[in-house]
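Asker: Sharing work-v9.txt here; it has compact mmCIF, C-alpha atoms.
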# COMPACT_ATOMS: atom_id res chain seq x y z
CA MET A 21 -11.00 -15.59 59.75
CA LYS A 22 -13.81 -18.07 59.28
CA THR A 23 -14.30 -20.51 56.43
CA TYR A 24 -17.42 -20.32 54.28
CA GLU A 25 -18.83 -22.51 51.53
CA VAL A 26 -20.27 -20.83 48.45
CA PHE A 27 -23.12 -22.13 46.28
CA LEU A 28 -24.18 -20.68 42.96
CA LYS A 29 -27.36 -21.12 41.01
CA LYS A 30 -27.22 -20.61 37.28
CA ALA A 31 -30.17 -19.25 35.32
CA GLY A 32 -33.22 -21.42 34.67
CA LYS A 33 -33.99 -24.70 36.40
CA GLU A 34 -30.40 -25.55 37.36
CA PRO A 35 -30.06 -26.41 41.05
CA PHE A 36 -27.58 -24.68 43.34
CA GLY A 37 -24.12 -26.15 42.95
CA HIS A 38 -21.05 -25.93 45.15
CA ALA A 39 -18.78 -23.22 43.74
CA GLY A 40 -15.96 -23.38 46.28
CA SER A 41 -14.98 -22.00 49.63
CA LEU A 42 -13.41 -18.85 51.02
CA ASP A 43 -12.09 -17.26 54.19
CA ALA A 44 -13.57 -14.04 55.55
CA PRO A 45 -13.53 -12.19 58.86
CA ASP A 46 -17.35 -12.22 59.15
CA ASP A 47 -20.64 -12.88 57.33
CA HIS A 48 -20.83 -9.46 55.68
CA MET A 49 -17.33 -9.72 54.20
CA ALA A 50 -18.00 -13.34 53.23
CA LEU A 51 -20.86 -12.20 50.99
CA LEU A 52 -18.70 -9.49 49.41
CA PHE A 53 -15.81 -11.87 48.78
CA ALA A 54 -18.16 -14.56 47.46
CA ARG A 55 -19.33 -12.19 44.77
CA ASP A 56 -15.78 -11.23 43.81
CA SER A 57 -14.33 -14.74 44.05
CA TYR A 58 -17.09 -16.75 42.39
CA GLY A 59 -19.55 -14.38 40.73
CA ARG A 60 -17.58 -11.51 39.26
CA ARG A 61 -18.14 -12.76 35.70
CA SER A 62 -21.89 -13.29 36.25
CA GLU A 63 -21.40 -17.05 36.71
CA GLY A 64 -24.70 -17.35 38.51
CA GLU A 65 -27.92 -15.52 39.22
CA GLN A 66 -28.21 -16.47 42.90
CA ILE A 67 -25.57 -17.07 45.54
CA TRP A 68 -25.68 -18.81 48.92
CA VAL A 69 -22.90 -18.43 51.44
CA VAL A 70 -22.84 -20.79 54.40
CA SER A 71 -20.47 -20.75 57.32
CA ARG A 72 -18.72 -24.13 57.34
CA ASP A 73 -19.57 -24.41 61.06
CA HIS A 74 -23.23 -24.64 60.08
CA ILE A 75 -22.79 -27.61 57.81
CA LEU A 76 -23.85 -30.96 59.30
CA GLU A 77 -21.50 -33.64 58.16
CA GLY A 78 -22.78 -37.21 57.82
CA ASN A 79 -20.82 -40.25 58.90
CA GLN A 80 -18.59 -41.31 56.02
CA SER A 81 -18.50 -44.99 56.99
CA ASP A 82 -22.32 -45.08 56.79
CA LEU A 83 -22.06 -44.14 53.14
CA ALA A 84 -19.25 -46.53 52.34
CA LEU A 85 -21.17 -49.79 52.86
CA ALA A 86 -19.90 -52.82 50.92
CA ASP A 87 -21.16 -53.71 47.45
CA ARG A 88 -24.28 -51.74 46.54
CA SER A 89 -24.19 -52.37 42.82
CA HIS A 90 -27.71 -53.88 42.87
CA LYS A 91 -29.00 -50.37 43.64
CA HIS A 92 -27.60 -49.12 40.39
CA ASN A 93 -29.93 -51.17 38.18
CA ASP A 94 -30.43 -49.34 34.92
CA GLY A 95 -33.29 -51.65 33.82
CA GLN A 96 -31.45 -52.83 30.73
CA ARG A 97 -31.75 -56.60 31.38
CA VAL A 98 -35.48 -56.41 32.08
CA SER A 99 -35.97 -54.33 28.98
CA GLU A 100 -34.09 -56.91 26.88
CA LEU A 101 -36.18 -59.78 28.26
CA ARG A 102 -39.38 -57.87 27.50
CA THR A 103 -38.32 -57.08 23.96
CA ASN A 104 -37.44 -60.71 23.33
CA GLN A 105 -40.79 -61.86 24.68
CA ARG A 106 -42.65 -59.42 22.48
CA LEU A 107 -40.73 -60.50 19.43
CA LYS A 108 -41.47 -64.18 20.20
CA LYS A 109 -45.19 -63.38 20.48
CA GLU A 110 -45.20 -61.47 17.24
CA LEU A 111 -43.53 -64.38 15.45
CA GLY A 112 -46.26 -66.62 16.87
CA GLU A 113 -43.98 -68.94 18.70
CA MET B 5 -25.23 15.24 21.93
CA ARG B 6 -23.45 18.30 23.25
CA THR B 7 -20.30 19.48 21.54
CA LEU B 8 -17.31 18.77 23.69
CA ASP B 9 -15.78 22.09 24.66
CA ASP B 10 -12.26 22.52 26.03
CA ALA B 11 -13.44 22.65 29.61
CA ALA B 12 -15.35 19.36 29.35
CA LYS B 13 -12.41 17.74 27.56
CA GLU B 14 -9.94 18.83 30.24
CA TYR B 15 -12.17 17.56 33.01
CA LEU B 16 -13.05 14.21 31.45
CA LEU B 17 -9.47 13.54 30.38
CA GLY B 18 -8.35 14.16 33.97
CA PHE B 19 -10.98 11.77 35.28
CA ALA B 20 -10.06 9.13 32.68
CA ASP B 21 -6.36 9.44 33.53
CA ASP B 22 -7.14 9.10 37.25
CA GLU B 23 -9.00 5.87 36.50
CA LEU B 24 -6.20 4.58 34.30
CA CYS B 25 -3.52 5.26 36.92
CA VAL B 26 -5.53 3.90 39.84
CA GLY B 27 -6.54 0.80 37.86
CA GLN B 28 -2.92 0.12 36.90
CA ASN B 29 -1.74 0.82 40.45
CA HIS B 30 -4.34 -1.52 41.98
CA SER B 31 -3.27 -4.27 39.59
CA TRP B 32 0.23 -4.21 41.10
CA TRP B 33 -1.33 -6.24 43.95
CA ILE B 34 -2.37 -9.15 41.74
CA ALA B 35 -1.01 -12.34 43.31
CA VAL B 36 0.55 -10.50 46.26
CA GLY B 37 -2.62 -9.25 48.00
CA PRO B 38 -2.78 -9.83 51.76
CA PHE B 39 -4.99 -12.92 51.29
CA LEU B 40 -6.47 -14.73 48.32
CA GLU B 41 -10.02 -13.38 48.62
CA GLU B 42 -8.80 -9.80 48.88
CA ASP B 43 -6.42 -10.41 46.00
CA LEU B 44 -9.33 -11.44 43.76
CA ALA B 45 -11.57 -8.60 44.89
CA PHE B 46 -8.89 -5.95 44.46
CA SER B 47 -7.87 -7.25 41.03
CA SER B 48 -11.47 -7.21 39.92
CA ILE B 49 -11.78 -3.60 41.07
CA ALA B 50 -8.58 -2.72 39.18
CA GLN B 51 -10.10 -4.13 36.02
CA ASP B 52 -13.33 -2.14 36.54
CA GLU B 53 -11.37 1.11 36.91
CA LEU B 54 -9.50 0.45 33.68
CA GLY B 55 -12.88 -0.18 32.04
CA HIS B 56 -14.10 3.20 33.26
CA ALA B 57 -11.01 4.89 31.86
CA ARG B 58 -11.73 3.22 28.54
CA MET B 59 -15.36 4.43 28.47
CA LEU B 60 -14.22 7.99 29.15
CA TYR B 61 -11.47 7.94 26.51
CA GLU B 62 -13.98 6.61 24.01
CA PHE B 63 -16.43 9.32 24.89
CA LEU B 64 -13.78 11.96 24.21
CA GLU B 65 -13.64 10.84 20.55
CA LEU B 66 -10.00 11.78 20.15
CA GLU B 67 -8.17 11.14 16.91
CA GLU B 68 -5.77 8.55 18.31
CA SER B 69 -6.66 4.97 19.20
CA ILE B 70 -7.50 4.17 22.82
CA ASP B 71 -4.12 2.46 23.28
CA GLU B 72 -2.30 5.48 21.92
CA ILE B 73 -4.20 7.78 24.24
CA ALA B 74 -3.78 5.60 27.29
CA TYR B 75 -0.15 4.57 26.80
CA GLY B 76 1.47 6.64 24.10
CA ARG B 77 0.89 10.25 25.04
CA ASP B 78 3.56 12.76 25.86
CA ARG B 79 3.92 12.91 29.65
CA ARG B 80 2.74 16.53 29.66
CA ASP B 81 -0.54 15.51 28.04
CA TYR B 82 -1.62 13.34 30.95
CA ARG B 83 -3.94 15.03 33.44
CA SER B 84 -3.97 12.55 36.33
CA ALA B 85 -4.04 13.70 39.96
CA HIS B 86 -0.87 12.78 41.83
CA ILE B 87 -2.73 10.67 44.39
CA ALA B 88 -3.79 8.41 41.50
CA GLU B 89 -0.19 8.05 40.30
CA LEU B 90 1.17 7.20 43.73
CA ARG B 91 2.81 3.77 43.86
CA CYS B 92 1.27 2.33 47.01
CA HIS B 93 3.45 -0.71 47.56
CA GLN B 94 2.51 -0.97 51.23
CA TRP B 95 -0.91 -2.50 51.78
CA PRO B 96 -2.17 0.12 54.30
CA GLU B 97 -1.49 2.86 51.75
CA ALA B 98 -3.11 0.92 48.92
CA LEU B 99 -6.22 0.30 51.00
CA VAL B 100 -6.45 3.90 52.23
CA ARG B 101 -6.07 5.27 48.70
CA HIS B 102 -8.81 2.83 47.62
CA VAL B 103 -11.12 4.21 50.36
CA LEU B 104 -10.38 7.86 49.59
CA TYR B 105 -10.48 7.43 45.84
CA ASP B 106 -13.72 5.49 45.77
CA LEU B 107 -15.42 7.91 48.17
CA ALA B 108 -14.38 10.63 45.72
CA GLU B 109 -15.63 8.62 42.75
CA GLU B 110 -19.04 8.30 44.37
CA VAL B 111 -19.38 12.09 44.39
CA ARG B 112 -17.73 12.62 41.00
CA TRP B 113 -19.82 10.08 39.06
CA SER B 114 -23.06 11.33 40.65
CA ALA B 115 -22.35 14.86 39.46
CA LEU B 116 -21.87 13.49 35.92
CA SER B 117 -24.93 11.23 36.05
CA GLU B 118 -27.11 14.11 37.21
CA GLY B 119 -25.69 16.52 34.65
CA SER B 120 -27.52 17.21 31.41
CA TRP B 121 -25.17 15.40 28.98
CA LYS B 122 -27.01 12.19 28.10
CA GLY B 123 -24.00 10.28 26.73
CA ILE B 124 -21.81 10.86 29.75
CA ALA B 125 -24.71 10.38 32.18
CA ALA B 126 -25.23 6.89 30.75
CA ILE B 127 -21.55 6.08 31.28
CA ALA B 128 -21.77 7.44 34.82
CA THR B 129 -24.83 5.34 35.61
CA ARG B 130 -23.02 2.24 34.42
CA ALA B 131 -19.94 3.14 36.50
CA ILE B 132 -22.03 3.87 39.60
CA ALA B 133 -23.47 0.34 39.46
CA GLU B 134 -19.94 -1.05 39.82
CA GLU B 135 -18.69 1.61 42.18
CA ARG B 136 -21.33 0.63 44.71
CA PHE B 137 -19.46 -2.65 45.21
CA HIS B 138 -16.04 -0.99 45.25
CA LEU B 139 -17.10 1.35 47.99
CA GLN B 140 -18.81 -1.36 50.00
CA HIS B 141 -15.62 -3.40 49.75
CA ALA B 142 -13.27 -0.53 50.66
CA LEU B 143 -15.32 0.73 53.59
CA SER B 144 -16.15 -2.71 55.01
CA LEU B 145 -12.54 -3.82 55.06
CA ALA B 146 -11.15 -0.53 56.39
CA GLU B 147 -13.87 -0.36 59.05
CA ARG B 148 -12.94 -3.81 60.36
CA LEU B 149 -9.25 -3.02 60.44
CA LEU B 150 -9.83 0.34 62.12
CA ALA B 151 -11.71 -1.48 64.87
CA THR B 152 -8.41 -3.01 66.03
CA ALA B 153 -5.46 -1.21 67.64
CA GLU B 154 -3.05 -2.75 65.14
CA GLY B 155 -5.21 -1.66 62.22
CA ARG B 156 -5.46 1.91 63.53
CA LYS B 157 -1.70 2.06 64.02
CA ARG B 158 -1.16 1.08 60.40
CA LEU B 159 -3.99 2.91 58.64
CA ILE B 160 -4.21 6.27 60.43
CA PRO B 161 -0.82 7.60 59.22
CA SER B 162 -1.84 6.76 55.64
CA PHE B 163 -5.17 8.56 56.03
CA GLN B 164 -3.37 11.60 57.41
CA ARG B 165 -0.87 11.64 54.58
CA LEU B 166 -3.15 10.80 51.65
CA ALA B 167 -6.48 12.48 52.50
CA PRO B 168 -5.17 16.04 51.99
CA MET B 169 -3.64 14.95 48.66
CA GLY B 170 -7.03 13.62 47.57
CA GLN B 171 -8.33 17.16 47.20
CA GLU B 172 -6.52 17.34 43.89
CA LEU B 173 -9.11 14.95 42.46
CA PHE B 174 -11.52 17.90 42.48
CA ARG B 175 -9.27 20.21 40.51
CA VAL B 176 -9.28 21.03 36.82
CA LYS B 177 -7.00 23.19 34.69
CA VAL B 178 -9.82 25.40 33.39
CA ASP B 179 -12.30 27.59 35.27
CA GLU B 180 -14.50 25.05 37.03
CA VAL B 181 -17.61 27.26 36.72
CA ARG B 182 -17.69 26.39 33.02
CA LEU B 183 -18.36 22.73 33.83
CA VAL B 184 -21.58 23.57 35.64
CA ASP B 185 -22.56 26.26 33.13
CA ASN B 186 -22.24 23.88 30.20
CA GLY B 187 -24.31 21.27 32.03
CA LEU B 188 -21.61 18.59 32.29
CA LEU B 189 -21.66 18.59 36.10
CA SER B 190 -24.72 18.97 38.30
CA SER B 191 -22.63 20.49 41.09
CA SER B 192 -19.38 22.41 41.15
CA LEU B 193 -16.06 20.74 41.95
CA THR B 194 -15.81 22.83 45.11
CA THR B 195 -19.20 21.57 46.29
CA GLN B 196 -18.16 18.02 45.37
CA LYS B 197 -14.90 18.37 47.27
CA ASN B 198 -16.73 19.56 50.37
CA SER B 199 -19.14 16.61 50.22
CA TRP B 200 -16.18 14.28 49.86
CA ILE B 201 -14.37 15.81 52.85
CA LYS B 202 -17.58 15.47 54.86
CA ASN B 203 -17.90 11.80 53.84
CA VAL B 204 -14.26 11.03 54.66
CA GLU B 205 -14.62 12.64 58.08
CA ALA B 206 -17.92 10.84 58.70
CA PHE B 207 -16.27 7.54 57.86
CA LEU B 208 -13.38 8.18 60.22
CA GLY B 209 -16.03 9.29 62.73
CA SER B 210 -15.11 8.41 66.25
CA ILE B 211 -11.56 7.33 65.44
CA ASP B 212 -8.84 9.62 66.69
CA CYS B 213 -7.55 10.60 63.26
CA GLU B 214 -7.31 14.31 62.72
CA ILE B 215 -6.81 15.28 59.07
CA ASN B 216 -4.97 18.49 58.34
CA TRP B 217 -6.69 19.43 55.08
CA ASP B 218 -4.61 22.62 54.71
CA GLN B 219 -1.52 20.48 54.38
CA PHE B 220 -2.42 20.24 50.70
CA GLN B 221 -0.57 22.95 48.85
CA GLY B 222 -2.04 22.14 45.48
CA ALA B 223 -0.52 19.72 43.00
CA PRO B 224 0.05 20.42 39.33
CA GLY B 225 -1.15 17.07 37.98
CA ARG B 226 -4.05 18.63 36.08
CA GLU B 227 -1.68 21.16 34.51
CA GLY B 228 0.45 18.44 32.99
CA MET B 229 3.17 17.96 35.63
CA ARG B 230 3.71 14.31 36.47
CA SER B 231 4.71 13.16 39.93
CA SER B 232 7.97 11.30 40.51
CA ASP B 233 5.99 8.04 40.76
CA PHE B 234 4.51 8.34 37.28
CA GLU B 235 7.55 7.10 35.37
CA SER B 236 7.65 3.69 37.02
CA LEU B 237 3.85 3.41 36.76
CA HIS B 238 3.99 4.19 33.05
CA ASP B 239 6.87 1.73 32.47
CA GLU B 240 4.71 -0.95 34.04
CA MET B 241 1.70 0.01 31.87
CA VAL B 242 3.60 -0.35 28.62
CA GLU B 243 5.84 -3.25 29.64
CA VAL B 244 4.02 -5.82 27.52
CA LEU B 245 3.01 -3.42 24.78
CA SER B 246 6.61 -2.40 24.14
CA LEU B 247 7.70 -6.02 23.62
CA ASP B 248 5.81 -5.97 20.33
CA PRO B 249 4.06 -2.69 19.58
CA ASP B 250 2.39 -4.04 16.42
CA ALA B 251 1.00 -7.21 17.99
CA GLN B 252 -2.65 -7.99 17.31
CA TRP B 253 -4.54 -9.10 20.43
Would you kindly transcribe this structure into structure tokens?
Answerer:
Amino acid sequence: MKTYEVFLKKAGKEPFGHAGSLDAPDDHMALLFARDSYGRRSEGEQIWVVSRDHILEGNQSDLALADRSHKHNDGQRVSELRTNQRLKKELGE
Amino acid sequence: MRTLDDAAKEYLLGFADDELCVGQNHSWWIAVGPFLEEDLAFSSIAQDELGHARMLYEFLELEESIDEIAYGRDRRDYRSAHIAELRCHQWPEALVRHVLYDLAEEVRWSALSEGSWKGIAAIATRAIAEERFHLQHALSLAERLLATAEGRKRLIPSFQRLAPMGQELFRVKVDEVRLVDNGLLSSSLTTQKNSWIKNVEAFLGSIDCEINWDQFQGAPGREGMRSSDFESLHDEMVEVLSLDPDAQW
């Protein structure tokens, strides 16, 4: 048996999402089982099945670099400063 | 719509009862299938077969409710073929019955979909859409197992025992000619049976698995005689229902 990863795409503009994995003796059976395991209630309109062997796995420690919170700026502080400045101008200060 | 005559009723009730029994029998494997993926696939097929039984019972427009027809009839009023009633509690048998039964369904539903009764042809078309997957599943799995010595050792005896029994699926209590004459079936049950035998033999193809078709001496399932396996199958069917017969679901 080989392990496969299954991806489903719902209707519309939704991207493919990981649905789960399964074991199958070969590609043909993997597609059949994917339909029964993850799509039997019409959960998606397209299905991708990928042998786990074909997945390239990145280096986890590369992703887990120290504090990266500055890359999560939501722009709120800048927006507050701008609003305050505008208000000051409007009040003629 | 055509008026349902006795011949059509007998035939469709037999088909519906086959579906009911096979669906219930398949569901025995829920949670104990040979591996999770097969468990899910087989359970899903079981549910489809019960759905087909339901469509056929509805089509028959009998006086009783669907539950009463499916679960509450006198034993002699069931028309199921004995191969459908068989408790296959060994996986090779369950898989082989699935192969034989679904190969038969392919032929049986086509004859209904190509017949001239619109209502039943629509049901058949719907069933065929699902049966395509059942058959693909049955044949793909059996083919892979038959490619190994271990698989052949386990499956061949079941094919040899069950295939002759499968011929009962193409029997009916009344004169089968009436079913073609009244337009219900596009081809006679005998023709259907021969196509099925040809398809079973083609599937077994190069494998050394001789089927002795004459071993089948006829079974009285269509005449109202239940096999010895039916009682335990029926007990299982009504197990929950009998806890509270008036429950609203």
Asker: So, counting only C-alpha atoms, which residue among B:His56, B:His30, B:His102, B:His138 is closest to chain A?
Answerer: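 Looking at the shortest contact to chain A, the residue is B:His138.
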Asker: Have a look at CA of Gly18 in chain B and CA of Arg83 in chain B and let me know their distance in Å, one decimal.
Answerer: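 These atoms are spaced 4.5 Å apart.
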Asker: CA of Leu116 in chain B to CA of Leu189 in chain B: how many Å, to one decimal?
Answerer: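 Between CA of Leu116 in chain B and CA of Leu189 in chain B the gap is 5.1 Å.
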Asker: Enumerate as number ranges by chain the residues belonging to chain A that approach chain B to within 8 Å, with all atoms listed in the file taken into account.
Answerer: A: 42-44, 49, 52-53, 56-57, 60
Asker: Just want the 12 Å neighbourhood of Ala108 in chain B, counted on only C-alpha atoms, with same-chain residues fewer than 2 positions away dropped. Output as a ChimeraX atom specification.
Answerer: /B:19,22-23,87-88,101-106,110-115,132,135,138-139,167,169-174,193,195-204
Asker: Quick one: everything within 9 Å of Leu64 in chain B, counting all atoms listed in the file, minus sequence neighbours fewer than 4 positions away in the same chain. Send it as number ranges by chain.
Answerer: B: 8, 13, 16-17, 59-60
Asker: Would you be able to write out as a ChimeraX atom specification which residues have an atom within 9 Å of (-10.1, 2.9, 26.0) in the file's coordinates, counting only C-alpha atoms?
Answerer: /B:54-62,69-71,73-74
Asker: Rounded to one decimal in Å, what is the spacing between CA of Lys109 in chain A and CA of Gln96 in chain A?
Answerer: 20.1 Å
Asker: Taking all atoms listed in the file into account, which of B:Trp32, B:Phe207, B:Tyr82, B:Tyr75 comes nearest Lys177 in chain B?
Answerer: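 Of B:Trp32, B:Phe207, B:Tyr82, B:Tyr75, the one nearest Lys177 in chain B is B:Tyr82, counting all atoms listed in the file.
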Asker: For a cut-off of 6 Å around (-28.2, -21.2, 46.2), file coordinates, pick out all residues using all atoms listed in the file and list them as a PDB file with C-alpha atoms, keeping the file's coordinate frame.
Answerer:
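Result saved to out-v1.pdb:
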ATOM      1  CA  PHE A  27     -23.120 -22.130  46.280  1.00  0.00           C
ATOM      2  CA  LEU A  28     -24.180 -20.680  42.960  1.00  0.00           C
ATOM      3  CA  LYS A  29     -27.360 -21.120  41.010  1.00  0.00           C
ATOM      4  CA  PHE A  36     -27.580 -24.680  43.340  1.00  0.00           C
ATOM      5  CA  GLN A  66     -28.210 -16.470  42.900  1.00  0.00           C
ATOM      6  CA  ILE A  67     -25.570 -17.070  45.540  1.00  0.00           C
ATOM      7  CA  TRP A  68     -25.680 -18.810  48.920  1.00  0.00           C
TER       8      TRP A  68
END
Asker: Select, from A:Lys91, A:Ser81, A:Ala39, A:Lys30, the residue with the minimum atom-to-atom distance to Ser62 in chain A, counting only C-alpha atoms.
Answerer: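 Residue with the minimum atom-to-atom distance to Ser62 in chain A: A:Lys30.
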Asker: If we count only C-alpha atoms, what is near Glu53 in chain B at a cut-off of 8 Å, once residues fewer than 5 positions away on the same chain are taken out, given as JSON, numbers by chain?
Answerer: {"B": [23, 24, 26, 27]}
Asker: Using the file's own x, y and z axes, so that the box edges lie along x, y and z, what centre and edge lengths in Å (one decimal) does a box around every listed atom of range 81-85 of chain B get when 3 Å is added on each side? Give it as lines of an AutoDock Vina configuration file.
Answerer:
center_x = -2.3
center_y = 14.0
center_z = 34.0
size_x = 9.5
size_y = 9.0
size_z = 17.9
Asker: When you count only C-alpha atoms, which of these residues is closest to Tyr24 in chain A: A:Val98, A:Leu76, A:Leu85, A:Val70?
Answerer: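 Among the listed residues, the smallest separation from Tyr24 in chain A belongs to A:Val70.
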Asker: May I have the residues within 7 Å of Arg80 in chain B as a tab-separated table (two decimals) with C-alpha atoms, in the frame of the given file, using only C-alpha atoms and disregarding those fewer than 2 positions away in the same chain?
Answerer:
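Produced file around34.tsv, reproduced below:
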chain	number	residue	atom	x	y	z
B	78	ASP	CA	3.56	12.76	25.86
B	82	TYR	CA	-1.62	13.34	30.95
B	228	GLY	CA	0.45	18.44	32.99
B	229	MET	CA	3.17	17.96	35.63
Asker: Skipping near chain neighbours, those fewer than 5 positions away, what residues fall within 8 Å of Gly40 in chain A using only C-alpha atoms, listed as a list in words?
Answerer: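 The residues satisfying every condition are Glu25, Val26, Phe27 and Tyr58 of chain A.
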Asker: Starting from the incomplete input, reconstruct N, CA and C atoms of range 33-46 of chain A and report them as a compact mmCIF listing (two decimals), in the frame of the given file.
Answerer:
# COMPACT_ATOMS: atom_id res chain seq x y z
N LYS A 33 -33.60 -23.70 35.41
CA LYS A 33 -33.99 -24.70 36.40
C LYS A 33 -32.81 -25.40 37.06
N GLU A 34 -31.59 -24.95 36.74
CA GLU A 34 -30.40 -25.55 37.36
C GLU A 34 -30.47 -25.44 38.89
N PRO A 35 -30.08 -26.51 39.59
CA PRO A 35 -30.06 -26.41 41.05
C PRO A 35 -28.81 -25.65 41.52
N PHE A 36 -28.79 -25.28 42.78
CA PHE A 36 -27.58 -24.68 43.34
C PHE A 36 -26.45 -25.70 43.29
N GLY A 37 -25.27 -25.24 42.97
CA GLY A 37 -24.12 -26.15 42.95
C GLY A 37 -23.00 -25.55 43.80
N HIS A 38 -22.16 -26.42 44.33
CA HIS A 38 -21.05 -25.93 45.15
C HIS A 38 -20.03 -25.23 44.26
N ALA A 39 -19.72 -23.97 44.58
CA ALA A 39 -18.78 -23.22 43.74
C ALA A 39 -17.37 -23.30 44.31
N GLY A 40 -17.27 -23.35 45.64
CA GLY A 40 -15.96 -23.38 46.28
C GLY A 40 -16.07 -22.82 47.68
N SER A 41 -14.93 -22.53 48.27
CA SER A 41 -14.98 -22.00 49.63
C SER A 41 -14.13 -20.73 49.71
N LEU A 42 -14.23 -20.06 50.83
CA LEU A 42 -13.41 -18.85 51.02
C LEU A 42 -13.25 -18.56 52.50
N ASP A 43 -12.29 -17.72 52.81
CA ASP A 43 -12.09 -17.26 54.19
C ASP A 43 -12.50 -15.79 54.28
N ALA A 44 -13.17 -15.44 55.35
CA ALA A 44 -13.57 -14.04 55.55
C ALA A 44 -13.66 -13.77 57.04
N PRO A 45 -13.48 -12.49 57.43
CA PRO A 45 -13.53 -12.19 58.86
C PRO A 45 -14.94 -12.32 59.45
N ASP A 46 -15.99 -12.09 58.63
CA ASP A 46 -17.35 -12.22 59.15
C ASP A 46 -18.34 -12.42 58.00
